[in-house]
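S.K.: This is my_file33.tsv (TSV, C-alpha atoms).
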chain	number	residue	atom	x	y	z
A	605	MET	CA	-71.20	6.73	-9.65
A	606	THR	CA	-71.75	3.50	-7.74
A	607	ILE	CA	-70.77	0.28	-9.48
A	608	ARG	CA	-71.24	-3.13	-7.84
A	609	ILE	CA	-68.75	-5.62	-9.19
A	610	LEU	CA	-68.43	-9.41	-9.06
A	611	LEU	CA	-64.88	-10.72	-9.59
A	612	VAL	CA	-64.39	-14.14	-11.16
A	613	ASP	CA	-60.95	-15.75	-11.53
A	614	ASP	CA	-59.61	-19.09	-10.36
A	615	HIS	CA	-56.47	-17.50	-8.89
A	616	PRO	CA	-57.07	-15.76	-5.54
A	617	ILE	CA	-53.94	-13.65	-6.04
A	618	VAL	CA	-55.29	-12.27	-9.31
A	619	ARG	CA	-58.64	-11.52	-7.65
A	620	GLN	CA	-56.77	-9.71	-4.88
A	621	GLY	CA	-54.82	-7.64	-7.42
A	622	LEU	CA	-57.97	-6.75	-9.35
A	623	LYS	CA	-59.79	-5.92	-6.13
A	624	THR	CA	-57.13	-3.48	-4.90
A	625	LEU	CA	-57.26	-1.74	-8.25
A	626	LEU	CA	-61.07	-1.52	-8.46
A	627	GLU	CA	-61.63	-0.48	-4.87
A	628	GLY	CA	-59.32	2.47	-5.37
A	629	ARG	CA	-62.21	4.16	-7.16
A	630	ASP	CA	-64.76	6.02	-5.07
A	631	GLY	CA	-68.13	4.35	-5.12
A	632	TRP	CA	-66.97	1.14	-6.76
A	633	GLU	CA	-67.49	-1.92	-4.66
A	634	VAL	CA	-66.42	-5.53	-5.14
A	635	ILE	CA	-69.50	-7.24	-3.71
A	636	GLY	CA	-68.38	-10.81	-4.25
A	637	GLU	CA	-65.84	-13.19	-5.73
A	638	ALA	CA	-66.01	-16.54	-7.49
A	639	SER	CA	-63.37	-18.98	-8.67
A	640	ASP	CA	-65.10	-20.64	-11.63
A	641	GLY	CA	-67.97	-20.15	-14.06
A	642	ALA	CA	-70.50	-22.23	-12.13
A	643	GLU	CA	-69.86	-20.33	-8.91
A	644	ALA	CA	-70.08	-17.08	-10.88
A	645	LEU	CA	-73.61	-17.97	-12.03
A	646	ASP	CA	-74.68	-18.70	-8.45
A	647	LYS	CA	-73.16	-15.48	-7.10
A	648	ALA	CA	-74.64	-13.41	-9.93
A	649	LYS	CA	-78.09	-14.70	-9.04
A	650	GLU	CA	-77.56	-14.07	-5.34
A	651	LEU	CA	-75.88	-10.62	-5.51
A	652	SER	CA	-77.19	-9.02	-8.74
A	653	PRO	CA	-73.97	-7.11	-9.59
A	654	ASP	CA	-73.82	-4.36	-12.22
A	655	VAL	CA	-70.61	-5.66	-13.79
A	656	MET	CA	-68.96	-9.07	-13.78
A	657	VAL	CA	-65.19	-9.14	-14.33
A	658	LEU	CA	-64.65	-12.62	-15.74
A	659	ASP	CA	-61.64	-14.79	-16.60
A	660	VAL	CA	-61.83	-17.09	-19.64
A	661	THR	CA	-59.86	-20.16	-18.59
A	662	MET	CA	-61.20	-21.63	-15.38
A	663	PRO	CA	-61.98	-25.09	-14.01
A	664	ARG	CA	-65.50	-26.63	-13.95
A	665	MET	CA	-67.08	-24.05	-16.26
A	666	ASN	CA	-65.05	-21.63	-18.35
A	667	GLY	CA	-65.89	-17.95	-18.65
A	668	LEU	CA	-67.28	-18.11	-22.18
A	669	GLU	CA	-69.83	-20.72	-21.23
A	670	ALA	CA	-70.79	-18.79	-18.09
A	671	CYS	CA	-71.19	-15.64	-20.17
A	672	ARG	CA	-73.56	-17.36	-22.61
A	673	VAL	CA	-75.72	-18.55	-19.74
A	674	LEU	CA	-75.69	-15.11	-18.12
A	675	ARG	CA	-76.86	-13.40	-21.29
A	676	LYS	CA	-80.06	-15.41	-21.08
A	677	ARG	CA	-80.52	-15.26	-17.32
A	678	ALA	CA	-79.45	-11.71	-16.56
A	679	PRO	CA	-79.37	-9.55	-19.71
A	680	GLN	CA	-78.93	-6.34	-17.68
A	681	LEU	CA	-75.63	-7.58	-16.19
A	682	GLU	CA	-72.58	-6.44	-18.17
A	683	VAL	CA	-69.64	-8.82	-18.58
A	684	LEU	CA	-66.02	-7.70	-18.96
A	685	PHE	CA	-63.46	-10.38	-19.74
A	686	VAL	CA	-60.01	-9.99	-18.21
A	687	THR	CA	-57.92	-12.75	-19.68
A	688	GLN	CA	-54.45	-14.02	-20.50
A	689	HIS	CA	-55.52	-14.62	-24.12
A	690	ASP	CA	-54.15	-11.82	-26.28
A	691	SER	CA	-55.99	-13.04	-29.33
A	692	PRO	CA	-58.44	-11.40	-31.77
A	693	GLN	CA	-60.18	-14.75	-32.23
A	694	MET	CA	-60.74	-15.16	-28.50
A	695	MET	CA	-61.92	-11.57	-28.26
A	696	ARG	CA	-64.43	-12.14	-31.05
A	697	GLU	CA	-65.67	-15.29	-29.33
A	698	ALA	CA	-66.05	-13.39	-26.05
A	699	LEU	CA	-68.10	-10.64	-27.69
A	700	GLU	CA	-70.22	-13.25	-29.50
A	701	ALA	CA	-70.84	-14.89	-26.13
A	702	GLY	CA	-72.35	-11.60	-25.02
A	703	ALA	CA	-69.52	-9.78	-23.26
A	704	ARG	CA	-69.37	-6.00	-23.49
A	705	GLY	CA	-65.65	-5.69	-22.83
A	706	TYR	CA	-62.35	-7.52	-23.30
A	707	VAL	CA	-59.05	-6.66	-21.61
A	708	VAL	CA	-55.77	-8.59	-21.64
A	709	LYS	CA	-54.55	-9.49	-18.17
A	710	SER	CA	-51.05	-8.17	-18.75
A	711	ASN	CA	-52.59	-4.74	-19.41
A	712	ALA	CA	-55.25	-4.90	-16.72
A	713	ALA	CA	-53.56	-2.31	-14.54
A	714	ARG	CA	-53.71	0.11	-17.48
A	715	ASP	CA	-57.12	-0.74	-18.98
A	716	LEU	CA	-59.32	-2.17	-16.25
A	717	LEU	CA	-60.76	1.01	-14.75
A	718	ALA	CA	-61.65	2.54	-18.11
A	719	ALA	CA	-63.13	-0.76	-19.23
A	720	VAL	CA	-65.34	-1.19	-16.16
A	721	GLU	CA	-66.52	2.39	-16.47
A	722	ALA	CA	-67.42	1.87	-20.14
A	723	VAL	CA	-69.25	-1.44	-19.77
A	724	SER	CA	-71.12	-0.18	-16.72
A	725	GLN	CA	-72.56	2.44	-19.09
A	726	HIS	CA	-73.36	-0.32	-21.61
A	727	ARG	CA	-70.57	0.74	-23.96
A	728	VAL	CA	-68.14	-1.66	-25.62
A	729	PHE	CA	-64.48	-1.60	-24.53
A	730	THR	CA	-61.85	-3.83	-26.13
A	731	ALA	CA	-58.07	-3.69	-25.97
A	732	LEU	CA	-55.50	-6.23	-27.06
A	733	ASN	CA	-51.79	-6.11	-26.34
A	734	GLY	CA	-49.77	-3.88	-28.62
A	735	ARG	CA	-52.89	-2.12	-29.82
A	736	ASP	CA	-54.47	0.94	-28.36
A	737	ALA	CA	-57.66	0.52	-26.46
A	738	ALA	CA	-60.29	0.19	-29.16
A	739	GLY	CA	-62.30	2.86	-27.52
A	740	THR	CA	-65.93	2.49	-26.77
A	741	ARG	CA	-69.10	2.62	-28.72
B	175	MET	CA	-36.08	-4.18	11.27
B	176	LYS	CA	-38.46	-5.01	8.43
B	177	LEU	CA	-38.10	-8.04	6.19
B	178	ARG	CA	-37.58	-6.68	2.68
B	179	ILE	CA	-39.08	-8.59	-0.23
B	180	LEU	CA	-38.62	-8.17	-3.97
B	181	LEU	CA	-41.46	-9.32	-6.25
B	182	ALA	CA	-40.99	-10.30	-9.90
B	183	ASP	CA	-43.90	-11.19	-12.16
B	184	ASP	CA	-44.73	-9.92	-15.62
B	185	HIS	CA	-48.34	-9.18	-14.66
B	186	GLU	CA	-48.79	-5.98	-12.70
B	187	ILE	CA	-52.15	-7.24	-11.47
B	188	VAL	CA	-50.47	-10.31	-9.95
B	189	ARG	CA	-47.80	-8.14	-8.33
B	190	ARG	CA	-50.55	-6.00	-6.82
B	191	GLY	CA	-52.23	-9.10	-5.41
B	192	LEU	CA	-48.98	-10.47	-4.02
B	193	ARG	CA	-48.02	-7.12	-2.54
B	194	ALA	CA	-51.42	-6.78	-0.82
B	195	LEU	CA	-51.04	-10.28	0.60
B	196	LEU	CA	-47.47	-9.81	1.86
B	197	GLU	CA	-47.88	-6.32	3.27
B	198	LYS	CA	-50.72	-7.48	5.49
B	199	HIS	CA	-48.00	-9.27	7.42
B	200	GLU	CA	-46.56	-7.05	10.13
B	201	GLY	CA	-42.87	-6.38	9.72
B	202	TRP	CA	-42.71	-7.17	6.01
B	203	GLU	CA	-42.35	-4.70	3.17
B	204	VAL	CA	-42.14	-5.08	-0.58
B	205	CYS	CA	-39.04	-3.06	-1.37
B	206	GLY	CA	-39.17	-3.47	-5.13
B	207	GLU	CA	-40.93	-4.98	-8.10
B	208	ALA	CA	-39.76	-6.27	-11.47
B	209	ALA	CA	-41.67	-7.22	-14.61
B	210	ASP	CA	-39.11	-9.59	-16.14
B	211	GLY	CA	-36.10	-11.64	-15.14
B	212	ARG	CA	-33.51	-9.15	-16.30
B	213	GLU	CA	-35.11	-6.37	-14.27
B	214	ALA	CA	-35.31	-8.77	-11.31
B	215	VAL	CA	-31.55	-9.41	-11.46
B	216	GLU	CA	-30.82	-5.70	-11.71
B	217	LYS	CA	-33.14	-4.71	-8.84
B	218	THR	CA	-32.08	-7.57	-6.58
B	219	LEU	CA	-28.42	-6.64	-6.92
B	220	GLN	CA	-29.28	-3.00	-6.31
B	221	LEU	CA	-31.76	-3.41	-3.41
B	222	LYS	CA	-30.34	-6.55	-1.73
B	223	PRO	CA	-33.74	-7.80	-0.46
B	224	ASP	CA	-34.00	-10.47	2.23
B	225	VAL	CA	-36.31	-12.61	0.07
B	226	VAL	CA	-36.85	-12.67	-3.70
B	227	ILE	CA	-40.09	-14.01	-5.16
B	228	LEU	CA	-39.80	-14.93	-8.85
B	229	ASP	CA	-42.44	-16.07	-11.32
B	230	ILE	CA	-41.03	-18.87	-13.47
B	231	GLY	CA	-42.73	-17.77	-16.70
B	232	MET	CA	-41.29	-14.30	-17.17
B	233	PRO	CA	-40.25	-12.73	-20.49
B	234	LEU	CA	-36.65	-11.92	-21.46
B	235	LEU	CA	-35.22	-14.13	-18.70
B	236	ASN	CA	-37.32	-16.84	-17.10
B	237	GLY	CA	-37.46	-17.32	-13.33
B	238	LEU	CA	-35.20	-20.36	-13.28
B	239	ASP	CA	-32.37	-18.69	-15.14
B	240	THR	CA	-32.92	-15.57	-13.06
B	241	THR	CA	-32.44	-17.74	-9.97
B	242	ARG	CA	-29.23	-19.18	-11.41
B	243	GLN	CA	-27.85	-15.75	-12.28
B	244	LEU	CA	-28.67	-14.31	-8.87
B	245	LEU	CA	-27.11	-17.20	-6.99
B	246	GLN	CA	-23.99	-16.89	-9.10
B	247	HIS	CA	-23.70	-13.31	-7.87
B	248	ASP	CA	-24.45	-14.23	-4.27
B	249	PRO	CA	-25.31	-17.75	-3.10
B	250	HIS	CA	-26.99	-16.32	-0.01
B	251	PHE	CA	-29.97	-14.86	-1.84
B	252	LYS	CA	-33.16	-16.51	-0.61
B	253	ILE	CA	-35.39	-17.22	-3.57
B	254	ILE	CA	-38.95	-18.50	-3.82
B	255	VAL	CA	-40.22	-19.47	-7.26
B	256	LEU	CA	-43.87	-19.18	-8.22
B	257	THR	CA	-45.12	-21.56	-10.86
B	258	ILE	CA	-48.35	-22.53	-12.60
B	259	THR	CA	-47.38	-26.20	-12.65
B	260	ASP	CA	-45.67	-28.60	-10.26
B	261	SER	CA	-44.61	-31.11	-12.87
B	262	ASP	CA	-41.63	-33.30	-11.97
B	263	GLN	CA	-39.46	-31.48	-14.47
B	264	VAL	CA	-40.24	-28.00	-13.19
B	265	ILE	CA	-39.74	-29.06	-9.59
B	266	ARG	CA	-36.39	-30.62	-10.37
B	267	GLU	CA	-35.21	-27.62	-12.36
B	268	ALA	CA	-36.24	-25.24	-9.58
B	269	LEU	CA	-34.31	-27.28	-7.03
B	270	ASP	CA	-31.34	-27.61	-9.34
B	271	ALA	CA	-31.35	-23.85	-9.90
B	272	GLY	CA	-31.10	-23.33	-6.14
B	273	ALA	CA	-34.56	-22.05	-5.19
B	274	ARG	CA	-35.31	-22.45	-1.49
B	275	GLY	CA	-39.05	-22.15	-1.85
B	276	PHE	CA	-41.49	-23.45	-4.42
B	277	VAL	CA	-45.12	-22.26	-4.44
B	278	LEU	CA	-47.89	-22.94	-6.92
B	279	LYS	CA	-49.43	-19.71	-8.15
B	280	SER	CA	-52.91	-21.09	-7.65
B	281	ASP	CA	-52.05	-21.73	-3.97
B	282	ALA	CA	-50.07	-18.54	-3.40
B	283	ALA	CA	-52.79	-16.94	-1.29
B	284	ARG	CA	-52.52	-19.90	1.08
B	285	ASP	CA	-48.82	-20.83	0.89
B	286	LEU	CA	-46.78	-17.75	0.10
B	287	VAL	CA	-46.80	-16.25	3.60
B	288	SER	CA	-45.74	-19.63	5.03
B	289	ALA	CA	-42.99	-19.86	2.42
B	290	VAL	CA	-41.59	-16.43	3.27
B	291	GLU	CA	-41.78	-17.24	6.99
B	292	ALA	CA	-39.87	-20.47	6.37
B	293	LEU	CA	-37.08	-18.68	4.51
B	294	GLN	CA	-37.01	-15.96	7.15
B	295	ASN	CA	-36.30	-18.73	9.67
B	296	LYS	CA	-33.56	-20.22	7.48
B	297	ARG	CA	-35.72	-23.13	6.38
B	298	MET	CA	-36.99	-24.15	2.96
B	299	PHE	CA	-40.59	-24.35	1.76
B	300	PHE	CA	-41.95	-26.71	-0.84
B	301	THR	CA	-45.35	-27.99	-1.84
B	302	PRO	CA	-46.30	-31.48	-0.60
B	303	ARG	CA	-45.67	-32.79	-4.10
B	304	VAL	CA	-42.04	-31.65	-3.97
B	305	ASN	CA	-41.59	-33.35	-0.64
B	306	ASP	CA	-43.07	-36.53	-2.10
B	307	LEU	CA	-40.64	-36.39	-4.99
B	308	VAL	CA	-37.67	-35.84	-2.72
B	309	LEU	CA	-38.75	-38.71	-0.52
B	310	ALA	CA	-39.19	-40.91	-3.55
B	311	GLY	CA	-35.54	-40.40	-4.30
B	312	PHE	CA	-36.00	-38.43	-7.49
B	313	LEU	CA	-33.09	-36.24	-6.61
B	314	GLU	CA	-30.60	-38.97	-5.85
B	315	LYS	CA	-27.39	-38.78	-7.77
B	316	GLY	CA	-27.35	-41.05	-10.74
B	317	HIS	CA	-31.10	-41.02	-11.10
B	318	SER	CA	-31.74	-41.82	-14.73
B	319	LEU	CA	-34.33	-40.09	-16.82
B	320	SER	CA	-37.50	-42.02	-17.37
B	321	LYS	CA	-38.49	-43.03	-20.87
B	322	ASN	CA	-40.91	-40.18	-21.46
B	323	GLU	CA	-38.83	-37.45	-19.94
B	324	THR	CA	-37.28	-34.84	-22.18
B	325	PRO	CA	-33.58	-34.28	-21.65
B	326	LYS	CA	-33.11	-30.74	-20.38
B	327	LEU	CA	-30.51	-28.10	-20.98
B	328	PRO	CA	-27.17	-29.33	-19.67
B	329	THR	CA	-25.49	-28.86	-23.02
B	330	LEU	CA	-26.33	-25.17	-23.19
B	331	THR	CA	-24.44	-22.49	-21.31
B	332	ALA	CA	-26.31	-19.89	-19.27
B	333	ARG	CA	-25.82	-17.35	-22.07
B	334	GLU	CA	-27.08	-19.83	-24.66
B	335	ARG	CA	-30.21	-20.55	-22.57
B	336	GLU	CA	-30.83	-16.82	-22.29
B	337	ILE	CA	-30.48	-16.39	-26.05
B	338	THR	CA	-32.66	-19.44	-26.71
B	339	GLN	CA	-35.46	-17.89	-24.64
B	340	LEU	CA	-35.19	-14.53	-26.38
B	341	LEU	CA	-35.20	-16.12	-29.85
B	342	ALA	CA	-38.13	-18.35	-28.93
B	343	GLU	CA	-40.02	-15.27	-27.75
B	344	GLY	CA	-39.81	-13.98	-31.30
B	345	ASN	CA	-36.84	-11.63	-31.12
B	346	SER	CA	-34.50	-11.37	-34.11
B	347	SER	CA	-30.75	-11.80	-33.66
B	348	LYS	CA	-30.40	-8.03	-33.93
B	349	GLU	CA	-33.01	-7.49	-31.19
B	350	VAL	CA	-31.34	-10.07	-28.96
B	351	ALA	CA	-28.01	-8.34	-29.49
B	352	CYS	CA	-29.57	-5.05	-28.46
B	353	LEU	CA	-31.17	-6.54	-25.32
B	354	LEU	CA	-27.96	-8.22	-24.20
B	355	ASN	CA	-25.53	-5.49	-25.26
B	356	LEU	CA	-23.77	-7.84	-27.64
B	357	SER	CA	-22.90	-7.49	-31.30
B	358	THR	CA	-25.28	-9.09	-33.80
B	359	LYS	CA	-22.35	-11.20	-34.99
B	360	THR	CA	-21.80	-12.60	-31.48
B	361	VAL	CA	-25.48	-13.46	-31.18
B	362	GLU	CA	-25.41	-15.14	-34.59
B	363	THR	CA	-22.45	-17.23	-33.42
B	364	HIS	CA	-24.32	-18.25	-30.25
B	365	ARG	CA	-27.37	-19.00	-32.35
B	366	SER	CA	-25.39	-21.27	-34.67
B	367	ASN	CA	-23.84	-23.05	-31.68
B	368	ILE	CA	-27.25	-23.58	-30.10
B	369	MET	CA	-28.73	-24.99	-33.31
B	370	ARG	CA	-25.71	-27.24	-33.80
B	371	LYS	CA	-25.67	-28.53	-30.21
B	372	LEU	CA	-29.36	-29.32	-30.29
B	373	SER	CA	-29.32	-30.57	-33.89
B	374	PHE	CA	-32.06	-28.13	-34.85
B	375	HIS	CA	-32.66	-26.72	-38.30
B	376	SER	CA	-35.41	-24.17	-37.75
B	377	ILE	CA	-36.61	-21.59	-35.26
B	378	ARG	CA	-39.77	-23.69	-34.89
B	379	ASP	CA	-37.64	-26.49	-33.37
B	380	LEU	CA	-36.18	-23.96	-30.98
B	381	VAL	CA	-39.61	-22.68	-29.91
B	382	VAL	CA	-40.87	-26.21	-29.24
B	383	TYR	CA	-37.70	-26.92	-27.26
B	384	ALA	CA	-38.10	-23.72	-25.23
B	385	ILE	CA	-41.69	-24.62	-24.34
B	386	LYS	CA	-40.81	-28.23	-23.44
B	387	ASN	CA	-37.99	-27.06	-21.21
B	388	ASN	CA	-39.93	-24.28	-19.48
B	389	LEU	CA	-37.85	-21.48	-20.93
B	390	ILE	CA	-41.13	-20.00	-22.08
B	391	GLN	CA	-44.69	-20.83	-21.13
B	392	ILE	CA	-47.86	-20.71	-23.18
B	393	GLU	CA	-51.52	-20.37	-22.34
B	394	ILE	CA	-53.89	-22.97	-23.72
B	395	PRO	CA	-57.29	-21.50	-24.64
B	396	PRO	CA	-60.47	-23.30	-23.61
B	397	VAL	CA	-62.09	-25.55	-26.20
B	398	LYS	CA	-64.97	-23.76	-27.88
B	399	THR	CA	-68.47	-24.49	-26.56
B	400	THR	CA	-67.34	-26.83	-23.81
B	401	ALA	CA	-68.21	-26.27	-20.21
B	402	GLY	CA	-65.83	-28.76	-18.66
B	403	PRO	CA	-62.32	-28.48	-17.31
B	404	THR	CA	-60.17	-26.42	-19.61
B	405	GLY	CA	-56.46	-26.99	-19.35
B	406	PRO	CA	-53.84	-25.14	-17.35
B	407	THR	CA	-54.35	-21.57	-16.40
B	408	ALA	CA	-51.87	-18.85	-15.85
B	409	ALA	CA	-52.27	-15.89	-13.70
Please lay out the structure from this file as structure tokens.
M.R.:
Amino acid sequence: MTIRILLVDDHPIVRQGLKTLLEGRDGWEVIGEASDGAEALDKAKELSPDVMVLDVTMPRMNGLEACRVLRKRAPQLEVLFVTQHDSPQMMREALEAGARGYVVKSNAARDLLAAVEAVSQHRVFTALNGRDAAGTR
Amino acid sequence: MKLRILLADDHEIVRRGLRALLEKHEGWEVCGEAADGREAVEKTLQLKPDVVILDIGMPLLNGLDTTRQLLQHDPHFKIIVLTITDSDQVIREALDAGARGFVLKSDAARDLVSAVEALQNKRMFFTPRVNDLVLAGFLEKGHSLSKNETPKLPTLTAREREITQLLAEGNSSKEVACLLNLSTKTVETHRSNIMRKLSFHSIRDLVVYAIKNNLIQIEIPPVKTTAGPTGPTAA
């Protein structure tokens, strides 16, 4: 299955790490990168990705705000947060903002591929540290 | 012969990114990885890499104390520390600990290769801000702490700093004893000494102290419903 992915994180090294992981899957392609929420909105409009992998804490515009805007502008685009915040409150806020998935950065190597696969099929995927992946629905 | 590099960061995704960056460079190989400071010490002593790259904010043993421990074993280890902040205090502690390179995580994609090249050529590598501080005489002997600066950890021994970090990370005395192969009683004695030396009465005081002195680092979440700048980020 082909999945076109936009990567958004303010740290190039993190984007590089995520990219090497995602591009290990046949048919998955990282079609663009952005380093803040505002740039993510521009790139989403330009590239029309299937899935956006989005950080929460970024300069200029944070990921939650970008996600809220995206929900209105591009409802077909699925958002997966990959964040440092291992917090149920933050996860709830991310899902309320319209995200379909939430993965903690420290577990990204374990959870990212399953999460992208789930959200690309419009299923929810959430996993906090110390808890099993909450599965999908 | 290849230059052998050891990478230590608690985030596997960051290690992947760093590895991809470094291995693009001909003649370099990442010979090992570690997810915390204790593992970094163990693997460095075992693998004897040419360059060690350490995140400052690692669990169990932070990057600065890892640097100190490694240089106690062998002062010839070449160590680059990666940090999310270049505050005066962090810079000074990294230099005091003996790091020969200092790179901001946010600039790692740009600076890390240059830093490794510098160490390979027996030079040091620091961000422009470090150079500014050195030039400004911040490291001169007898420099007195400014009014707002928090006194650091000179009164604690290396073992006490290690135990302070582990307690501040939420480990019980029993868990610390297990991690360090000590008896619970010995850890309790260290704990009492730490609290006495620092005049603390609660674990909360110790946590605040550990954060202020970069023994542990925390992530500040963005403020709800704001779109503006959002505080420091960690990779």
S.K.: Any chance you could work out the axis-aligned box around stretch 344-347 of chain B, listed atoms only, 3 Å on each side, giving centre and edge lengths in Å to one decimal, as AutoDock Vina command-line options?
M.R.:
--center_x -35.3 --center_y -12.7 --center_z -32.6 --size_x 15.1 --size_y 8.6 --size_z 9.0
S.K.: Closest to chain A among B:Arg378, B:Leu372, B:Glu186, B:Gly231, using all atoms listed in the file?
M.R.: B:Glu186
S.K.: Which residues come within 8 Å of A:His615, counting all atoms listed in the file, excluding same-chain residues fewer than 6 positions away, as a PDB file with C-alpha atoms, in the coordinates of the input?
M.R.:
ATOM      1  CA  SER A 639     -63.370 -18.980  -8.670  1.00  0.00           C
TER       2      SER A 639
ATOM      3  CA  LYS B 279     -49.430 -19.710  -8.150  1.00  0.00           C
ATOM      4  CA  SER B 280     -52.910 -21.090  -7.650  1.00  0.00           C
ATOM      5  CA  ASP B 281     -52.050 -21.730  -3.970  1.00  0.00           C
ATOM      6  CA  ALA B 409     -52.270 -15.890 -13.700  1.00  0.00           C
TER       7      ALA B 409
END
S.K.: Considering all atoms listed in the file, can you say which of A:Glu643, A:Glu637, A:Asp690, A:Met695 comes closest to A:Ile617?
M.R.: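 Looking at the shortest contact to A:Ile617, the residue is A:Glu637.
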S.K.: Which residue is closest to chain B? Choose from A:Ile609, A:Ala719, A:Ala678, A:Ala712 and count all atoms listed in the file.
M.R.: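 Selected residue with least distance to chain B: A:Ala712.
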S.K.: With all atoms listed in the file as the counted atoms, please give the residues lying no more than 9 Å from A:Glu682, apart from itself and same-chain residues fewer than 4 positions off, as a list in words.
M.R.: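 Result of the neighbour search: Pro653, Asp654, Val655, Met656, Val657, Arg675, Ala678, Gly702, Ala703, Arg704, Gly705, Val723, Ser724, Gln725 and His726 of chain A.
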S.K.: With distances taken over only C-alpha atoms, which of B:Glu291, B:Glu343, B:Glu336, B:Asp183 is nearest to chain A?
M.R.: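 Nearest candidate to chain A out of B:Glu291, B:Glu343, B:Glu336, B:Asp183: B:Asp183.
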S.K.: What are the closest atom pairs, with distances in Å to one decimal, for each residue of chain A lying within 7 Å of chain B, using all atoms listed in the file, rows by chain and rising residue number, as JSON lines?
M.R.:
{"residue": "A:His615", "atom": "CA", "partner": "B:Ser280", "partner_atom": "CA", "distance": 5.2}
{"residue": "A:Pro616", "atom": "CA", "partner": "B:Ala283", "partner_atom": "CA", "distance": 6.1}
{"residue": "A:Ile617", "atom": "CA", "partner": "B:Gly191", "partner_atom": "CA", "distance": 4.9}
{"residue": "A:Val618", "atom": "CA", "partner": "B:Val188", "partner_atom": "CA", "distance": 5.2}
{"residue": "A:Gln620", "atom": "CA", "partner": "B:Gly191", "partner_atom": "CA", "distance": 4.6}
{"residue": "A:Gly621", "atom": "CA", "partner": "B:Gly191", "partner_atom": "CA", "distance": 3.6}
{"residue": "A:Leu622", "atom": "CA", "partner": "B:Ile187", "partner_atom": "CA", "distance": 6.2}
{"residue": "A:Thr661", "atom": "CA", "partner": "B:Pro396", "partner_atom": "CA", "distance": 6.0}
{"residue": "A:Met662", "atom": "CA", "partner": "B:Thr404", "partner_atom": "CA", "distance": 6.5}
{"residue": "A:Pro663", "atom": "CA", "partner": "B:Pro403", "partner_atom": "CA", "distance": 4.7}
{"residue": "A:Arg664", "atom": "CA", "partner": "B:Pro403", "partner_atom": "CA", "distance": 5.0}
{"residue": "A:Met665", "atom": "CA", "partner": "B:Ala401", "partner_atom": "CA", "distance": 4.7}
{"residue": "A:Asn666", "atom": "CA", "partner": "B:Ala401", "partner_atom": "CA", "distance": 5.9}
{"residue": "A:Glu669", "atom": "CA", "partner": "B:Ala401", "partner_atom": "CA", "distance": 5.9}
{"residue": "A:Ser710", "atom": "CA", "partner": "B:His185", "partner_atom": "CA", "distance": 5.0}
{"residue": "A:Ala712", "atom": "CA", "partner": "B:Ile187", "partner_atom": "CA", "distance": 6.5}
{"residue": "A:Ala713", "atom": "CA", "partner": "B:Ile187", "partner_atom": "CA", "distance": 6.0}
S.K.: I'd like the interatomic distance between atom CA of B:Asp239 and atom CA of A:Asn711, to a tenth of an Å.
M.R.: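 For atom CA of B:Asp239 relative to atom CA of A:Asn711, the distance reads 24.9 Å.
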S.K.: Find the distance between atom CA of A:Thr624 and atom CA of B:Asp260 and write it in Å to one decimal.
M.R.: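 Value for the atom CA of A:Thr624-atom CA of B:Asp260 distance: 28.1 Å.
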S.K.: How many Å separate atom CA of A:Leu668 from atom CA of A:Ala701?
M.R.: 6.2 Å
S.K.: Compute the distance from (-76.3, -17.6, -16.6) to each atom, counting only C-alpha atoms, keep the residues with any atom at most 9 Å away, and return them as a PyMOL selection string; use the coordinates of the file.
M.R.: chain A and resi 642+644-646+648-649+669-678
S.K.: List the neighbours of B:Arg370 out to 12 Å using all atoms listed in the file; skip same-chain residues closer than 5 positions along the sequence, and give me the result as a VMD selection string.
M.R.: chain B and resid 329 to 330 334 363 to 365 375 to 376 379 to 380
S.K.: Counting only C-alpha atoms, I want the residues whose atoms come within 12 Å of (-33.4, -3.8, -9.0) in the file frame, returned as a list in words.
M.R.: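 In the file's frame, the residues around the point are Ile179, Leu180, Leu181, Ala182, Cys205, Gly206, Glu207, Ala208, Ala209, Asp210, Gly211, Arg212, Glu213, Ala214, Val215, Glu216, Lys217, Thr218, Leu219, Gln220, Leu221, Lys222, Pro223, Val226 and Leu244 of chain B.
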S.K.: Reconstruct stretch 228-234 of chain B at the level of N, CA and C atoms, and format the result as a tab-separated table (two decimals), in the frame of the given file.
M.R.:
chain	number	residue	atom	x	y	z
B	228	LEU	N	-39.92	-14.98	-7.39
B	228	LEU	CA	-39.80	-14.93	-8.85
B	228	LEU	C	-40.84	-15.82	-9.52
B	229	ASP	N	-41.59	-15.26	-10.45
B	229	ASP	CA	-42.44	-16.07	-11.32
B	229	ASP	C	-41.53	-16.86	-12.26
B	230	ILE	N	-41.87	-18.09	-12.55
B	230	ILE	CA	-41.03	-18.87	-13.47
B	230	ILE	C	-41.21	-18.38	-14.91
B	231	GLY	N	-42.45	-18.06	-15.29
B	231	GLY	CA	-42.73	-17.77	-16.70
B	231	GLY	C	-42.61	-16.31	-17.06
B	232	MET	N	-41.45	-15.72	-16.84
B	232	MET	CA	-41.29	-14.30	-17.17
B	232	MET	C	-40.60	-14.11	-18.52
B	233	PRO	N	-40.92	-13.01	-19.21
B	233	PRO	CA	-40.25	-12.73	-20.49
B	233	PRO	C	-38.79	-12.29	-20.30
B	234	LEU	N	-38.06	-12.33	-21.36
B	234	LEU	CA	-36.65	-11.92	-21.46
B	234	LEU	C	-35.70	-12.85	-20.71
